[in-house]
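Asker: So I've got this file, structure_15.tsv, and it contains TSV, C-alpha atoms:
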```tsv
chain	number	residue	atom	x	y	z
A	1	MET	CA	79.11	109.76	101.88
A	2	GLY	CA	82.02	111.86	103.02
A	3	SER	CA	80.82	111.73	106.61
A	4	LEU	CA	80.26	107.96	106.40
A	5	SER	CA	83.78	107.56	105.12
A	6	GLY	CA	85.01	109.72	108.01
A	7	LEU	CA	83.09	107.50	110.44
A	8	ASP	CA	84.67	104.42	108.93
A	9	ASN	CA	88.09	106.00	109.38
A	10	THR	CA	87.26	106.90	112.98
A	11	ASN	CA	86.15	103.33	113.67
A	12	ARG	CA	89.24	102.01	111.99
A	13	GLY	CA	91.33	104.34	114.13
A	14	ASP	CA	89.57	103.07	117.28
A	15	ASP	CA	90.08	99.48	116.17
A	16	HIS	CA	93.76	100.20	115.60
A	17	LYS	CA	94.10	101.79	119.07
A	18	ALA	CA	92.29	98.87	120.69
A	19	LYS	CA	94.50	96.39	118.84
A	20	ALA	CA	97.63	98.32	119.87
A	21	ALA	CA	96.45	98.36	123.48
A	22	ILE	CA	95.88	94.60	123.41
A	23	GLU	CA	99.30	94.04	121.85
A	24	GLU	CA	100.92	96.29	124.46
A	25	ARG	CA	99.33	94.32	127.27
A	26	ALA	CA	100.04	90.95	125.68
A	27	PHE	CA	101.81	88.64	128.06
A	28	THR	CA	104.31	87.25	125.60
A	29	PRO	CA	107.78	88.83	125.49
A	30	THR	CA	108.49	91.05	122.49
A	31	GLN	CA	112.00	91.70	121.33
A	32	TRP	CA	114.44	93.74	119.28
A	33	GLN	CA	117.91	92.50	118.55
A	34	SER	CA	121.20	93.17	116.83
A	35	ASP	CA	124.43	91.21	116.52
A	36	ARG	CA	125.33	91.65	120.18
A	37	THR	CA	122.20	93.06	121.83
A	38	LEU	CA	118.90	91.43	122.73
A	39	CYS	CA	116.07	93.64	123.96
A	40	LEU	CA	112.82	92.27	125.22
A	41	THR	CA	109.78	93.69	126.93
A	42	VAL	CA	107.70	91.72	129.41
A	43	SER	CA	104.45	92.31	131.22
A	44	ARG	CA	104.55	94.26	134.50
A	45	GLU	CA	101.28	92.59	135.46
A	46	ILE	CA	103.01	89.21	135.66
A	47	TYR	CA	106.59	90.01	136.62
A	48	SER	CA	107.43	92.16	139.67
A	49	LEU	CA	110.35	94.60	139.87
A	50	LYS	CA	112.14	92.24	142.25
A	51	ALA	CA	111.79	89.32	139.83
A	52	ILE	CA	113.03	91.31	136.84
A	53	LEU	CA	116.00	92.76	138.76
A	54	SER	CA	116.93	89.36	140.20
A	55	ALA	CA	116.89	87.73	136.76
A	56	ALA	CA	118.88	90.65	135.32
A	57	TYR	CA	121.44	90.43	138.14
A	58	LYS	CA	121.97	86.73	137.50
A	59	PHE	CA	122.78	87.49	133.86
A	60	SER	CA	125.00	90.46	134.73
A	61	SER	CA	128.03	88.26	135.36
A	62	ASP	CA	128.23	87.48	131.63
A	63	TYR	CA	126.33	90.35	130.00
A	64	ALA	CA	125.70	94.04	130.52
A	65	VAL	CA	122.02	94.15	131.45
A	66	TRP	CA	119.90	97.28	131.47
A	67	VAL	CA	116.38	97.27	132.93
A	68	ASP	CA	114.01	100.07	131.94
A	69	VAL	CA	110.32	100.92	131.84
A	70	GLU	CA	108.71	100.77	128.42
A	71	SER	CA	105.19	101.74	129.48
A	72	ASP	CA	102.70	101.39	132.32
A	73	HIS	CA	102.31	97.77	131.30
A	74	ARG	CA	105.73	96.54	130.27
A	75	TRP	CA	109.32	96.31	131.54
A	76	SER	CA	112.16	96.54	129.06
A	77	VAL	CA	115.35	94.53	129.41
A	78	ALA	CA	118.42	94.98	127.20
A	79	ILE	CA	121.05	92.23	127.33
A	80	ILE	CA	124.31	93.30	125.70
A	81	SER	CA	127.15	90.91	124.97
A	82	SER	CA	130.78	91.85	124.30
A	83	GLU	CA	130.65	89.68	121.20
A	84	ARG	CA	128.00	88.11	118.95
A	85	ILE	CA	124.97	87.01	120.96
A	86	ASP	CA	123.04	83.77	120.51
A	87	SER	CA	119.73	85.55	120.94
A	88	GLY	CA	117.53	82.42	120.82
A	89	ALA	CA	119.47	80.66	123.57
A	90	VAL	CA	119.79	83.81	125.72
A	91	LEU	CA	116.08	84.60	125.36
A	92	ALA	CA	115.15	81.06	126.41
A	93	LEU	CA	117.49	81.15	129.43
A	94	PHE	CA	116.39	84.61	130.51
A	95	THR	CA	112.69	83.76	130.24
A	96	LYS	CA	113.27	80.61	132.32
A	97	GLU	CA	115.19	82.59	134.94
A	98	LEU	CA	112.47	85.25	135.03
A	99	ILE	CA	109.75	82.69	135.65
A	100	ASP	CA	111.88	81.10	138.37
A	101	GLN	CA	112.44	84.46	140.12
A	102	GLN	CA	108.76	85.41	139.89
A	103	LEU	CA	107.85	82.06	141.43
A	104	ARG	CA	110.25	82.78	144.30
A	105	VAL	CA	108.58	86.15	144.86
A	106	ALA	CA	105.12	84.54	144.86
A	107	LEU	CA	106.21	81.79	147.28
A	108	GLU	CA	107.82	84.36	149.58
A	109	GLN	CA	104.59	86.36	149.67
A	110	GLU	CA	102.52	83.26	150.35
A	111	PHE	CA	104.73	81.36	152.78
A	112	GLY	CA	107.25	83.93	154.05
A	113	ASN	CA	105.57	84.30	157.45
A	114	LEU	CA	105.33	80.52	157.87
A	115	ARG	CA	109.05	80.15	157.10
A	116	THR	CA	109.89	82.82	159.68
A	117	LEU	CA	107.82	80.94	162.27
A	118	ILE	CA	109.48	77.59	161.47
A	119	VAL	CA	112.96	79.13	161.73
A	120	ALA	CA	112.05	80.88	165.00
A	121	GLN	CA	110.71	77.58	166.39
A	122	ALA	CA	113.84	75.72	165.33
A	123	PHE	CA	116.06	78.10	167.32
A	124	SER	CA	113.69	78.50	170.27
A	125	GLU	CA	114.01	76.51	173.51
A	126	GLY	CA	110.25	76.50	174.14
A	127	ASN	CA	107.31	75.69	171.92
A	128	LEU	CA	106.17	78.85	170.17
A	129	LEU	CA	103.15	77.14	168.66
A	130	ASP	CA	101.63	75.68	171.85
A	131	SER	CA	99.73	78.31	173.84
A	132	GLN	CA	99.51	75.94	176.86
A	133	GLU	CA	103.23	76.13	177.52
B	1	VAL	CA	108.92	99.19	121.28
B	2	THR	CA	108.47	102.97	121.53
B	3	PRO	CA	110.78	105.19	119.42
B	4	THR	CA	112.41	106.70	122.54
B	5	LEU	CA	113.13	103.30	124.00
B	6	LEU	CA	114.35	102.03	120.65
B	7	ALA	CA	116.79	104.96	120.45
B	8	LYS	CA	118.03	104.09	123.94
B	9	GLN	CA	118.41	100.42	123.05
B	10	GLN	CA	120.32	101.30	119.89
B	11	ALA	CA	122.62	103.54	121.94
B	12	LEU	CA	123.21	100.62	124.32
B	13	ASP	CA	124.13	98.51	121.33
B	14	LYS	CA	126.99	100.93	120.60
B	15	VAL	CA	128.43	100.97	124.13
B	16	GLY	CA	132.22	101.11	123.92
B	17	GLU	CA	132.06	102.41	120.34
B	18	SER	CA	130.68	105.86	121.17
B	19	ASP	CA	130.11	107.87	124.37
B	20	LEU	CA	127.04	106.66	126.23
B	21	GLU	CA	124.92	108.83	128.52
B	22	LEU	CA	121.92	107.02	129.88
B	23	ALA	CA	119.15	108.50	132.03
B	24	VAL	CA	118.16	106.16	134.83
B	25	HIS	CA	114.43	105.48	135.18
B	26	PRO	CA	113.14	106.72	138.57
B	27	GLU	CA	110.63	103.87	138.87
B	28	ILE	CA	113.49	101.37	138.87
B	29	TYR	CA	116.20	103.42	140.53
B	30	PRO	CA	114.57	106.15	142.70
B	31	PRO	CA	116.53	109.44	143.07
B	32	ASP	CA	117.19	108.90	146.80
B	33	PHE	CA	118.65	105.47	146.05
B	34	LEU	CA	120.69	106.82	143.17
B	35	SER	CA	122.15	109.71	145.16
B	36	GLN	CA	123.92	107.14	147.34
B	37	LEU	CA	125.72	105.84	144.26
B	38	ASP	CA	126.58	109.23	142.84
B	39	GLY	CA	130.23	109.46	141.87
B	40	GLN	CA	130.61	105.69	141.88
B	41	SER	CA	130.14	103.18	139.11
B	42	SER	CA	129.92	105.71	136.29
B	43	VAL	CA	126.80	107.34	137.80
B	44	VAL	CA	127.02	111.15	137.73
B	45	ASP	CA	124.03	113.30	138.72
B	46	GLY	CA	121.65	110.41	138.11
B	47	ILE	CA	123.04	109.71	134.66
B	48	VAL	CA	125.17	106.74	133.67
B	49	LYS	CA	128.15	107.98	131.67
B	50	ILE	CA	130.30	105.50	129.81
B	51	PRO	CA	133.04	106.89	127.57
B	52	ALA	CA	133.86	105.34	124.24
B	53	SER	CA	136.89	103.16	124.89
B	54	GLY	CA	138.11	99.62	124.65
B	55	THR	CA	136.78	99.01	128.17
B	56	GLY	CA	133.40	100.66	127.51
B	57	TRP	CA	131.42	97.45	127.51
B	58	ALA	CA	133.19	96.12	130.62
B	59	ALA	CA	132.64	99.43	132.44
B	60	PHE	CA	128.96	99.39	131.52
B	61	ARG	CA	128.58	95.75	132.61
B	62	GLU	CA	130.19	96.59	135.96
B	63	CYS	CA	128.00	99.66	136.38
B	64	SER	CA	124.78	97.82	135.55
B	65	ARG	CA	125.75	94.99	137.93
B	66	THR	CA	126.46	97.43	140.78
B	67	LEU	CA	123.15	99.20	140.23
B	68	LEU	CA	121.23	95.92	140.17
B	69	GLU	CA	122.96	94.54	143.25
B	70	SER	CA	122.45	97.72	145.28
B	71	ARG	CA	118.82	98.05	144.26
B	72	LEU	CA	118.08	94.42	145.10
B	73	ARG	CA	119.56	94.93	148.56
B	74	SER	CA	117.31	97.96	149.08
B	75	LEU	CA	114.07	96.14	148.12
```
Translate this structure into structure tokens?

Answerer:
Amino acid sequence: MGSLSGLDNTNRGDDHKAKAAIEERAFTPTQWQSDRTLCLTVSREIYSLKAILSAAYKFSSDYAVWVDVESDHRWSVAIISSERIDSGAVLALFTKELIDQQLRVALEQEFGNLRTLIVAQAFSEGNLLDSQE
Amino acid sequence: VTPTLLAKQQALDKVGESDLELAVHPEIYPPDFLSQLDGQSSVVDGIVKIPASGTGWAAFRECSRTLLESRLRSL
């Protein structure tokens, strides 16, 4: 009976670890906050370092912003105001900015070479695209 | 939120009220990048040091902005 109980506890422990792992990798932002500080963690599998730094930089004109690593799966961002922070509004704006910056990164990866070619063609006297010329 | 990170976040919350010494994460700001900023923007030996003062928050905001801007340029 004792061993069965131990097994149950082991399984429960495994379940707890699995649940914690799923929560850690969840894609939704998690947060901690105080009167003037909002901290959130976001997935590293969705948001690149460039996107997170770009979003943080945009907010750094009004807030002190500190980017950190929470784990292998999540970035941490602390947004600190000099006075009381409207955490709901700031969270919504930051999330929107983060998505916008990640989209820019994705578009750059996908179409960056094409843009370079178009710009080169625009400033070129000949036709870079026509191999006959 | 891990306890270590929570402690760091709670220290950030007190910037300007008490001395702040913050280790910079090497994944975000690599040591070779950081060495270029050493002595500037409150970065000393890879650690951000903000004294408790009336301008603590402003100094920290300026420091974080400089770090972000420089790192973005290097990416």

Asker: Taking into account all atoms listed in the file, which residue in the set B:Arg73, B:Leu22, B:Cys63, B:Ile47 is nearest to B:Ser35?

Answerer: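 For B:Ser35, the nearest of the candidates is B:Ile47.
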
Asker: Would you mind listing, as a list of chain:residue names, all residues of chain A that have at least one atom within 6 Å of chain B, where all atoms listed in the file are what counts?

Answerer: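 Every residue meeting the condition is included here: A:Thr37, A:Tyr57, A:Ser60, A:Ala64.
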
Asker: So what do you get for atom CA of A:Ser54 versus atom CA of A:Asp100, distance-wise?

Answerer: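 Distance between the two atoms: 9.9 Å.
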
Asker: My list of candidates is A:Gln101, A:Thr95, A:Ser124, A:Ser82. Which is closest to A:Leu40 when distances are computed with only C-alpha atoms?

Answerer: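 Checking each candidate against A:Leu40, we get A:Thr95 as the closest.
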
Asker: Quick one, how far is atom CA of A:Leu117 from atom CA of A:Asp130?

Answerer: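 About the pair atom CA of A:Leu117 and atom CA of A:Asp130: they are 12.6 Å apart.
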
Asker: Please compute the atom CA of A:Ala89-atom CA of A:His73 distance, one decimal, in Å.

Answerer: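 The value is 25.4 Å.
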
Asker: Near A:Asp35, counting all atoms listed in the file, which residues have an atom at most 10 Å away, once you skip same-chain residues fewer than 3 positions from it, shown as a list in words?

Answerer: Leu38, Ile80, Ser81, Glu83, Arg84, Ile85, Asp86 and Ser87 of chain A; Asp13 of chain B

Asker: Restricting it to C-alpha atoms, dump the selection as an mmCIF file, keeping the file's coordinate frame.

Answerer:
```cif
data_model
loop_
_atom_site.group_PDB
_atom_site.id
_atom_site.type_symbol
_atom_site.label_atom_id
_atom_site.label_comp_id
_atom_site.auth_asym_id
_atom_site.auth_seq_id
_atom_site.Cartn_x
_atom_site.Cartn_y
_atom_site.Cartn_z
ATOM 1 C CA LEU A 38 118.900 91.430 122.730
ATOM 2 C CA ILE A 80 124.310 93.300 125.700
ATOM 3 C CA SER A 81 127.150 90.910 124.970
ATOM 4 C CA GLU A 83 130.650 89.680 121.200
ATOM 5 C CA ARG A 84 128.000 88.110 118.950
ATOM 6 C CA ILE A 85 124.970 87.010 120.960
ATOM 7 C CA ASP A 86 123.040 83.770 120.510
ATOM 8 C CA SER A 87 119.730 85.550 120.940
ATOM 9 C CA ASP B 13 124.130 98.510 121.330
#
```

Asker: Considering all atoms listed in the file, can you say which of A:Trp66, A:Glu110, A:Arg104, A:Arg115 comes closest to B:Val48?

Answerer: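 Closest residue, counting all atoms listed in the file: A:Trp66.
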
Asker: List as a list of chain:residue names the protein and nucleic acid residues near A:Phe59, meaning an atom at most 10 Å away when all atoms listed in the file are counted, but skip any in the same chain fewer than 4 places from it.

Answerer: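 Once the adjacent positions are removed, what remains is A:Leu53, A:Ser54, A:Ala55, A:Tyr63, A:Ala64, A:Val65, A:Ile79, A:Val90, A:Leu93, A:Phe94, A:Glu97, B:Arg65.
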
Asker: For the selection you just gave me, I'd like the residues written to a file as a compact mmCIF listing (two decimals), in the coordinates of the input, keeping C-alpha atoms.

Answerer:
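Result written to selection05.txt:
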```txt
# COMPACT_ATOMS: atom_id res chain seq x y z
CA LEU A 53 116.00 92.76 138.76
CA SER A 54 116.93 89.36 140.20
CA ALA A 55 116.89 87.73 136.76
CA TYR A 63 126.33 90.35 130.00
CA ALA A 64 125.70 94.04 130.52
CA VAL A 65 122.02 94.15 131.45
CA ILE A 79 121.05 92.23 127.33
CA VAL A 90 119.79 83.81 125.72
CA LEU A 93 117.49 81.15 129.43
CA PHE A 94 116.39 84.61 130.51
CA GLU A 97 115.19 82.59 134.94
CA ARG B 65 125.75 94.99 137.93
```

Asker: Kindly add N, CA, C and O atoms to the incomplete stretch 1-22 of chain B and provide the output as a CSV table (one decimal), keeping the file's coordinate frame.

Answerer:
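And here is the file that came out, out.csv:
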```
chain,number,residue,atom,x,y,z
B,1,VAL,N,107.8,98.4,120.8
B,1,VAL,CA,108.9,99.2,121.3
B,1,VAL,C,108.7,100.7,120.9
B,1,VAL,O,108.5,100.9,119.7
B,2,THR,N,108.7,101.6,121.8
B,2,THR,CA,108.5,103.0,121.5
B,2,THR,C,109.7,103.6,120.9
B,2,THR,O,110.8,103.1,121.1
B,3,PRO,N,109.6,104.6,120.1
B,3,PRO,CA,110.8,105.2,119.4
B,3,PRO,C,111.9,105.6,120.4
B,3,PRO,O,113.0,105.4,120.2
B,4,THR,N,111.4,106.2,121.5
B,4,THR,CA,112.4,106.7,122.5
B,4,THR,C,113.2,105.5,123.1
B,4,THR,O,114.4,105.6,123.2
B,5,LEU,N,112.5,104.5,123.4
B,5,LEU,CA,113.1,103.3,124.0
B,5,LEU,C,114.0,102.7,123.0
B,5,LEU,O,115.1,102.2,123.3
B,6,LEU,N,113.5,102.6,121.7
B,6,LEU,CA,114.4,102.0,120.6
B,6,LEU,C,115.7,102.8,120.5
B,6,LEU,O,116.7,102.2,120.3
B,7,ALA,N,115.6,104.1,120.6
B,7,ALA,CA,116.8,105.0,120.4
B,7,ALA,C,117.8,104.6,121.6
B,7,ALA,O,119.0,104.5,121.4
B,8,LYS,N,117.2,104.4,122.8
B,8,LYS,CA,118.0,104.1,123.9
B,8,LYS,C,118.7,102.7,123.8
B,8,LYS,O,119.9,102.5,124.0
B,9,GLN,N,117.9,101.8,123.3
B,9,GLN,CA,118.4,100.4,123.0
B,9,GLN,C,119.5,100.4,122.0
B,9,GLN,O,120.5,99.7,122.1
B,10,GLN,N,119.3,101.2,120.9
B,10,GLN,CA,120.3,101.3,119.9
B,10,GLN,C,121.6,102.0,120.4
B,10,GLN,O,122.7,101.6,120.0
B,11,ALA,N,121.4,102.9,121.3
B,11,ALA,CA,122.6,103.5,121.9
B,11,ALA,C,123.4,102.5,122.8
B,11,ALA,O,124.6,102.5,122.8
B,12,LEU,N,122.6,101.7,123.5
B,12,LEU,CA,123.2,100.6,124.3
B,12,LEU,C,124.0,99.7,123.4
B,12,LEU,O,125.1,99.2,123.8
B,13,ASP,N,123.5,99.4,122.3
B,13,ASP,CA,124.1,98.5,121.3
B,13,ASP,C,125.5,99.0,120.9
B,13,ASP,O,126.4,98.2,120.5
B,14,LYS,N,125.7,100.3,121.0
B,14,LYS,CA,127.0,100.9,120.6
B,14,LYS,C,127.9,101.2,121.8
B,14,LYS,O,128.9,101.9,121.6
B,15,VAL,N,127.6,100.7,123.0
B,15,VAL,CA,128.4,101.0,124.1
B,15,VAL,C,129.9,100.5,123.9
B,15,VAL,O,130.1,99.4,123.3
B,16,GLY,N,130.8,101.4,124.2
B,16,GLY,CA,132.2,101.1,123.9
B,16,GLY,C,132.7,101.7,122.6
B,16,GLY,O,133.9,101.9,122.4
B,17,GLU,N,131.7,101.9,121.7
B,17,GLU,CA,132.1,102.4,120.3
B,17,GLU,C,131.9,103.9,120.3
B,17,GLU,O,132.6,104.6,119.6
B,18,SER,N,130.9,104.4,121.1
B,18,SER,CA,130.7,105.9,121.2
B,18,SER,C,130.3,106.2,122.6
B,18,SER,O,129.9,105.3,123.3
B,19,ASP,N,130.4,107.5,123.0
B,19,ASP,CA,130.1,107.9,124.4
B,19,ASP,C,128.6,107.5,124.7
B,19,ASP,O,127.8,107.7,123.8
B,20,LEU,N,128.4,107.0,125.9
B,20,LEU,CA,127.0,106.7,126.2
B,20,LEU,C,126.6,107.5,127.5
B,20,LEU,O,127.3,107.5,128.5
B,21,GLU,N,125.5,108.1,127.4
B,21,GLU,CA,124.9,108.8,128.5
B,21,GLU,C,123.5,108.3,128.6
B,21,GLU,O,122.7,108.5,127.7
B,22,LEU,N,123.2,107.7,129.8
B,22,LEU,CA,121.9,107.0,129.9
B,22,LEU,C,121.2,107.5,131.1
B,22,LEU,O,121.7,107.4,132.2
```
